[in-house]
>>> print(open('query_30.cif').read())   # mmCIF, C-alpha atoms
data_upload
#
loop_
_atom_site.label_atom_id
_atom_site.label_comp_id
_atom_site.auth_asym_id
_atom_site.auth_seq_id
_atom_site.Cartn_x
_atom_site.Cartn_y
_atom_site.Cartn_z
CA GLU A 46 9.81 -43.92 19.01
CA LYS A 47 8.85 -47.21 17.38
CA LEU A 48 6.14 -45.39 15.44
CA VAL A 49 8.68 -42.89 14.15
CA GLN A 50 10.94 -45.69 12.92
CA GLU A 51 8.02 -47.43 11.21
CA ALA A 52 6.93 -44.16 9.62
CA GLU A 53 10.43 -43.61 8.28
CA ALA A 54 10.53 -47.14 6.89
CA TYR A 55 7.15 -46.70 5.21
CA LYS A 56 8.17 -43.29 3.91
CA GLU A 57 11.08 -44.87 2.04
CA GLN A 58 8.81 -47.61 0.66
CA ASP A 59 6.28 -45.00 -0.42
CA GLU A 60 8.96 -42.92 -2.12
CA ASN A 61 10.28 -45.98 -3.96
CA ALA A 62 6.77 -46.94 -5.05
CA ALA A 63 6.14 -43.39 -6.28
CA LYS A 64 9.39 -43.41 -8.29
CA LYS A 65 8.42 -46.74 -9.83
CA VAL A 66 4.99 -45.41 -10.85
CA GLU A 67 6.63 -42.28 -12.27
CA ALA A 68 9.03 -44.39 -14.37
CA LYS A 69 6.17 -46.56 -15.62
CA ASN A 70 4.13 -43.48 -16.51
CA GLN A 71 7.09 -42.05 -18.41
CA LEU A 72 7.33 -45.21 -20.50
CA GLU A 73 3.60 -45.31 -21.12
CA SER A 74 3.52 -41.63 -22.04
CA LEU A 75 6.41 -42.03 -24.47
CA CYS A 76 4.58 -44.87 -26.23
CA TYR A 77 1.33 -42.93 -26.53
CA GLN A 78 3.12 -39.79 -27.72
CA MET A 79 4.88 -41.70 -30.46
CA LYS A 80 1.68 -43.42 -31.59
CA GLN A 81 -0.05 -40.04 -31.76
CA THR A 82 2.85 -38.42 -33.58
CA VAL A 83 3.11 -41.10 -36.25
CA ASN A 84 -0.62 -40.69 -36.95
CA GLU A 85 -0.64 -36.90 -36.85
CA GLU A 86 -2.15 -35.63 -40.09
CA LYS A 87 0.59 -33.15 -41.00
CA LEU A 88 3.36 -35.66 -40.26
CA LYS A 89 1.88 -38.86 -41.73
CA THR A 90 3.61 -38.38 -45.04
CA VAL A 91 6.98 -37.53 -43.48
CA PHE A 92 7.44 -40.93 -41.83
CA THR A 93 8.64 -43.77 -44.05
CA ASP A 94 6.73 -47.05 -43.96
CA ASP A 95 9.68 -48.67 -42.17
CA GLU A 96 9.69 -45.92 -39.54
CA LYS A 97 5.96 -46.27 -38.99
CA LYS A 98 6.31 -50.03 -38.63
CA SER A 99 9.28 -49.64 -36.28
CA ILE A 100 7.37 -47.19 -34.06
CA GLU A 101 4.23 -49.32 -34.01
CA THR A 102 6.13 -52.52 -33.26
CA THR A 103 8.26 -50.86 -30.58
CA THR A 104 5.30 -49.23 -28.82
CA ASP A 105 3.18 -52.39 -29.03
CA ASP A 106 6.04 -54.48 -27.63
CA ALA A 107 6.62 -51.99 -24.80
CA MET A 108 2.94 -51.93 -23.86
CA LYS A 109 2.84 -55.73 -23.92
CA TRP A 110 6.00 -55.84 -21.79
CA MET A 111 4.40 -53.51 -19.23
CA GLY A 112 1.32 -55.72 -19.09
CA GLU A 113 3.38 -58.85 -18.54
CA LYS A 114 6.01 -57.33 -16.25
CA THR A 115 3.73 -55.94 -13.56
CA ASP A 116 6.47 -56.38 -10.96
CA ALA A 117 9.10 -54.45 -12.92
CA THR A 118 11.39 -52.18 -10.96
CA LYS A 119 11.97 -48.48 -11.49
CA GLU A 120 15.33 -49.35 -13.04
CA GLU A 121 13.72 -51.79 -15.49
CA TYR A 122 11.21 -49.15 -16.60
CA GLU A 123 13.99 -46.59 -17.02
CA ALA A 124 16.06 -49.07 -19.05
CA LYS A 125 13.05 -49.74 -21.28
CA VAL A 126 12.60 -45.98 -21.84
CA LYS A 127 16.26 -45.67 -22.87
CA GLU A 128 15.90 -48.68 -25.18
CA ILE A 129 12.86 -47.14 -26.87
CA GLU A 130 14.41 -43.68 -27.09
CA ALA A 131 17.38 -45.23 -28.90
CA ILE A 132 14.92 -46.33 -31.60
CA PHE A 133 12.68 -43.25 -31.64
CA ASN A 134 15.21 -40.43 -31.36
CA PRO A 135 16.97 -40.99 -34.72
CA ILE A 136 13.58 -41.25 -36.44
CA MET A 137 12.29 -38.10 -34.77
CA SER A 138 15.49 -36.21 -35.61
CA ARG A 139 15.06 -37.06 -39.27
CA VAL A 140 11.37 -36.11 -39.21
CA TYR A 141 12.17 -32.86 -37.42
CA GLN A 142 14.75 -31.99 -40.07
CA ALA A 143 12.39 -33.00 -42.87
CA THR A 144 9.70 -30.65 -41.56
CA GLY A 145 12.15 -27.77 -41.35
CA GLY A 146 12.29 -27.95 -37.58
CA GLN A 147 8.89 -26.36 -37.21
CA PRO A 148 7.89 -26.00 -33.56
CA GLY A 149 4.85 -27.87 -32.36
CA GLY A 150 5.50 -30.83 -34.64
CA MET A 151 6.96 -33.08 -31.99
CA PRO A 152 5.20 -33.85 -28.72
CA GLY A 153 7.21 -33.20 -25.62
CA GLY A 154 9.64 -31.03 -27.58
CA MET A 155 11.56 -34.02 -28.92
CA PRO A 156 14.32 -32.95 -31.29
#
>>> encode(input="query_30.cif", output="structure tokens")
Amino acid sequence: EKLVQEAEAYKEQDENAAKKVEAKNQLESLCYQMKQTVNEEKLKTVFTDDEKKSIETTTDDAMKWMGEKTDATKEEYEAKVKEIEAIFNPIMSRVYQATGGQPGGMPGGMP
């Protein structure tokens, strides 16, 4: 019975660790997607210089934060994703509208 209790305790720890890794991967993926998108040949001219700088600064800062905050919680990663999306989403909406809403232009189907 003790083994069952320990297994249940470890199961919860494992699940929490997996959720944390998933949240970190989501943040990392978002940063890489945005860097790729801003450098995509057919979209390069659609982004303004300020937007490019904003995306580059935001992604660089997020990657640096992840490197420094190795003990971040799932909630901290999720908060960082929301913070970054608040910067990226208005830019991507404008770019999407500027390109006529053509499918395939935005990674991950971002509007």
>>> resolve_selection(input="query_30.cif", expression="the PyMOL selection byres ((chain A and resi 113-126) around 10)", output="list in words")
Asn61, Ala62, Ala63, Lys64, Lys65, Val66, Glu67, Ala68, Lys69, Asn70, Gln71, Leu72, Glu73, Leu75, Cys76, Ala107, Met108, Lys109, Trp110, Met111, Gly112, Lys127, Glu128, Ile129, Glu130 and Ala131 of chain A
>>> closest_residue(input="query_30.cif", among="A:Val140, A:Ile132, A:Leu48, A:Ile100", to="Met79 in chain A", atoms="all atoms listed in the file")
A:Ile100
>>> residues_around(input="query_30.cif", residues="Thr90 in chain A", least_positions_apart="5", cutoff="12 Å", atoms="all atoms listed in the file", output="number ranges by chain")
A: 82-85, 96-97, 140, 143-144
>>> write_last_selection(input="query_30.cif", atoms="C-alpha atoms", output="PDB file, in the frame of the given file")
ATOM      1  CA  THR A  82       2.850 -38.420 -33.580  1.00  0.00           C
ATOM      2  CA  VAL A  83       3.110 -41.100 -36.250  1.00  0.00           C
ATOM      3  CA  ASN A  84      -0.620 -40.690 -36.950  1.00  0.00           C
ATOM      4  CA  GLU A  85      -0.640 -36.900 -36.850  1.00  0.00           C
ATOM      5  CA  GLU A  96       9.690 -45.920 -39.540  1.00  0.00           C
ATOM      6  CA  LYS A  97       5.960 -46.270 -38.990  1.00  0.00           C
ATOM      7  CA  VAL A 140      11.370 -36.110 -39.210  1.00  0.00           C
ATOM      8  CA  ALA A 143      12.390 -33.000 -42.870  1.00  0.00           C
ATOM      9  CA  THR A 144       9.700 -30.650 -41.560  1.00  0.00           C
TER      10      THR A 144
END
>>> atom_distance(input="query_30.cif", atom1="CA of Tyr77 in chain A", atom2="CA of Gln58 in chain A")
28.6 Å
>>> atom_distance(input="query_30.cif", atom1="CA of Ser99 in chain A", atom2="CA of Glu86 in chain A")
18.5 Å
>>> closest_residue(input="query_30.cif", among="A:Lys98, A:Tyr55, A:Pro135, A:Thr104", to="Ser74 in chain A", atoms="only C-alpha atoms")
A:Thr104
>>> build_atoms(input="query_30.cif", residues="range 63-89 of chain A", atoms="N, CA, C and O atoms", output="tab-separated table (two decimals), in the frame of the given file")
chain	number	residue	atom	x	y	z
A	63	ALA	N	6.48	-44.57	-5.47
A	63	ALA	CA	6.14	-43.39	-6.28
A	63	ALA	C	7.11	-43.24	-7.46
A	63	ALA	O	6.70	-42.93	-8.58
A	64	LYS	N	8.39	-43.49	-7.22
A	64	LYS	CA	9.39	-43.41	-8.29
A	64	LYS	C	9.14	-44.48	-9.35
A	64	LYS	O	9.32	-44.24	-10.54
A	65	LYS	N	8.73	-45.65	-8.90
A	65	LYS	CA	8.42	-46.74	-9.83
A	65	LYS	C	7.23	-46.36	-10.71
A	65	LYS	O	7.26	-46.54	-11.93
A	66	VAL	N	6.19	-45.82	-10.10
A	66	VAL	CA	4.99	-45.41	-10.85
A	66	VAL	C	5.36	-44.30	-11.83
A	66	VAL	O	4.92	-44.30	-12.98
A	67	GLU	N	6.19	-43.38	-11.41
A	67	GLU	CA	6.63	-42.28	-12.27
A	67	GLU	C	7.39	-42.82	-13.49
A	67	GLU	O	7.17	-42.38	-14.62
A	68	ALA	N	8.27	-43.79	-13.27
A	68	ALA	CA	9.03	-44.39	-14.37
A	68	ALA	C	8.11	-45.14	-15.33
A	68	ALA	O	8.27	-45.06	-16.55
A	69	LYS	N	7.13	-45.84	-14.78
A	69	LYS	CA	6.17	-46.56	-15.62
A	69	LYS	C	5.35	-45.57	-16.44
A	69	LYS	O	5.13	-45.78	-17.64
A	70	ASN	N	4.90	-44.50	-15.81
A	70	ASN	CA	4.13	-43.48	-16.51
A	70	ASN	C	4.93	-42.82	-17.63
A	70	ASN	O	4.39	-42.50	-18.69
A	71	GLN	N	6.23	-42.64	-17.40
A	71	GLN	CA	7.09	-42.05	-18.41
A	71	GLN	C	7.15	-42.97	-19.64
A	71	GLN	O	7.04	-42.50	-20.78
A	72	LEU	N	7.29	-44.25	-19.40
A	72	LEU	CA	7.33	-45.21	-20.50
A	72	LEU	C	6.01	-45.24	-21.26
A	72	LEU	O	5.98	-45.18	-22.49
A	73	GLU	N	4.93	-45.28	-20.52
A	73	GLU	CA	3.60	-45.31	-21.12
A	73	GLU	C	3.35	-44.04	-21.94
A	73	GLU	O	2.86	-44.09	-23.06
A	74	SER	N	3.71	-42.92	-21.37
A	74	SER	CA	3.52	-41.63	-22.04
A	74	SER	C	4.33	-41.56	-23.33
A	74	SER	O	3.83	-41.09	-24.37
A	75	LEU	N	5.55	-42.03	-23.29
A	75	LEU	CA	6.41	-42.03	-24.47
A	75	LEU	C	5.77	-42.86	-25.59
A	75	LEU	O	5.72	-42.43	-26.75
A	76	CYS	N	5.24	-44.01	-25.24
A	76	CYS	CA	4.58	-44.87	-26.23
A	76	CYS	C	3.37	-44.18	-26.85
A	76	CYS	O	3.20	-44.18	-28.07
A	77	TYR	N	2.53	-43.60	-26.02
A	77	TYR	CA	1.33	-42.93	-26.53
A	77	TYR	C	1.69	-41.71	-27.38
A	77	TYR	O	1.06	-41.46	-28.41
A	78	GLN	N	2.69	-40.96	-26.95
A	78	GLN	CA	3.12	-39.79	-27.72
A	78	GLN	C	3.58	-40.20	-29.11
A	78	GLN	O	3.24	-39.55	-30.11
A	79	MET	N	4.36	-41.27	-29.17
A	79	MET	CA	4.88	-41.70	-30.46
A	79	MET	C	3.76	-42.22	-31.36
A	79	MET	O	3.74	-41.94	-32.56
A	80	LYS	N	2.81	-42.94	-30.78
A	80	LYS	CA	1.68	-43.42	-31.59
A	80	LYS	C	0.88	-42.24	-32.13
A	80	LYS	O	0.45	-42.26	-33.29
A	81	GLN	N	0.68	-41.22	-31.31
A	81	GLN	CA	-0.05	-40.04	-31.76
A	81	GLN	C	0.73	-39.30	-32.84
A	81	GLN	O	0.16	-38.86	-33.84
A	82	THR	N	2.02	-39.16	-32.64
A	82	THR	CA	2.85	-38.42	-33.58
A	82	THR	C	2.87	-39.09	-34.95
A	82	THR	O	2.74	-38.42	-35.97
A	83	VAL	N	3.02	-40.39	-34.97
A	83	VAL	CA	3.11	-41.10	-36.25
A	83	VAL	C	1.78	-41.03	-37.01
A	83	VAL	O	1.76	-41.12	-38.24
A	84	ASN	N	0.69	-40.80	-36.31
A	84	ASN	CA	-0.62	-40.69	-36.95
A	84	ASN	C	-1.10	-39.25	-37.13
A	84	ASN	O	-2.19	-39.03	-37.63
A	85	GLU	N	-0.27	-38.31	-36.72
A	85	GLU	CA	-0.64	-36.90	-36.85
A	85	GLU	C	-0.74	-36.54	-38.33
A	85	GLU	O	0.15	-36.85	-39.13
A	86	GLU	N	-1.83	-35.90	-38.68
A	86	GLU	CA	-2.15	-35.63	-40.09
A	86	GLU	C	-1.01	-34.96	-40.85
A	86	GLU	O	-0.63	-35.39	-41.92
A	87	LYS	N	-0.44	-33.90	-40.26
A	87	LYS	CA	0.59	-33.15	-41.00
A	87	LYS	C	1.94	-33.87	-41.04
A	87	LYS	O	2.83	-33.46	-41.78
A	88	LEU	N	2.08	-34.95	-40.27
A	88	LEU	CA	3.36	-35.66	-40.26
A	88	LEU	C	3.27	-37.05	-40.91
A	88	LEU	O	4.30	-37.67	-41.15
A	89	LYS	N	2.06	-37.51	-41.18
A	89	LYS	CA	1.88	-38.86	-41.73
A	89	LYS	C	2.76	-39.14	-42.94
A	89	LYS	O	3.33	-40.22	-43.06
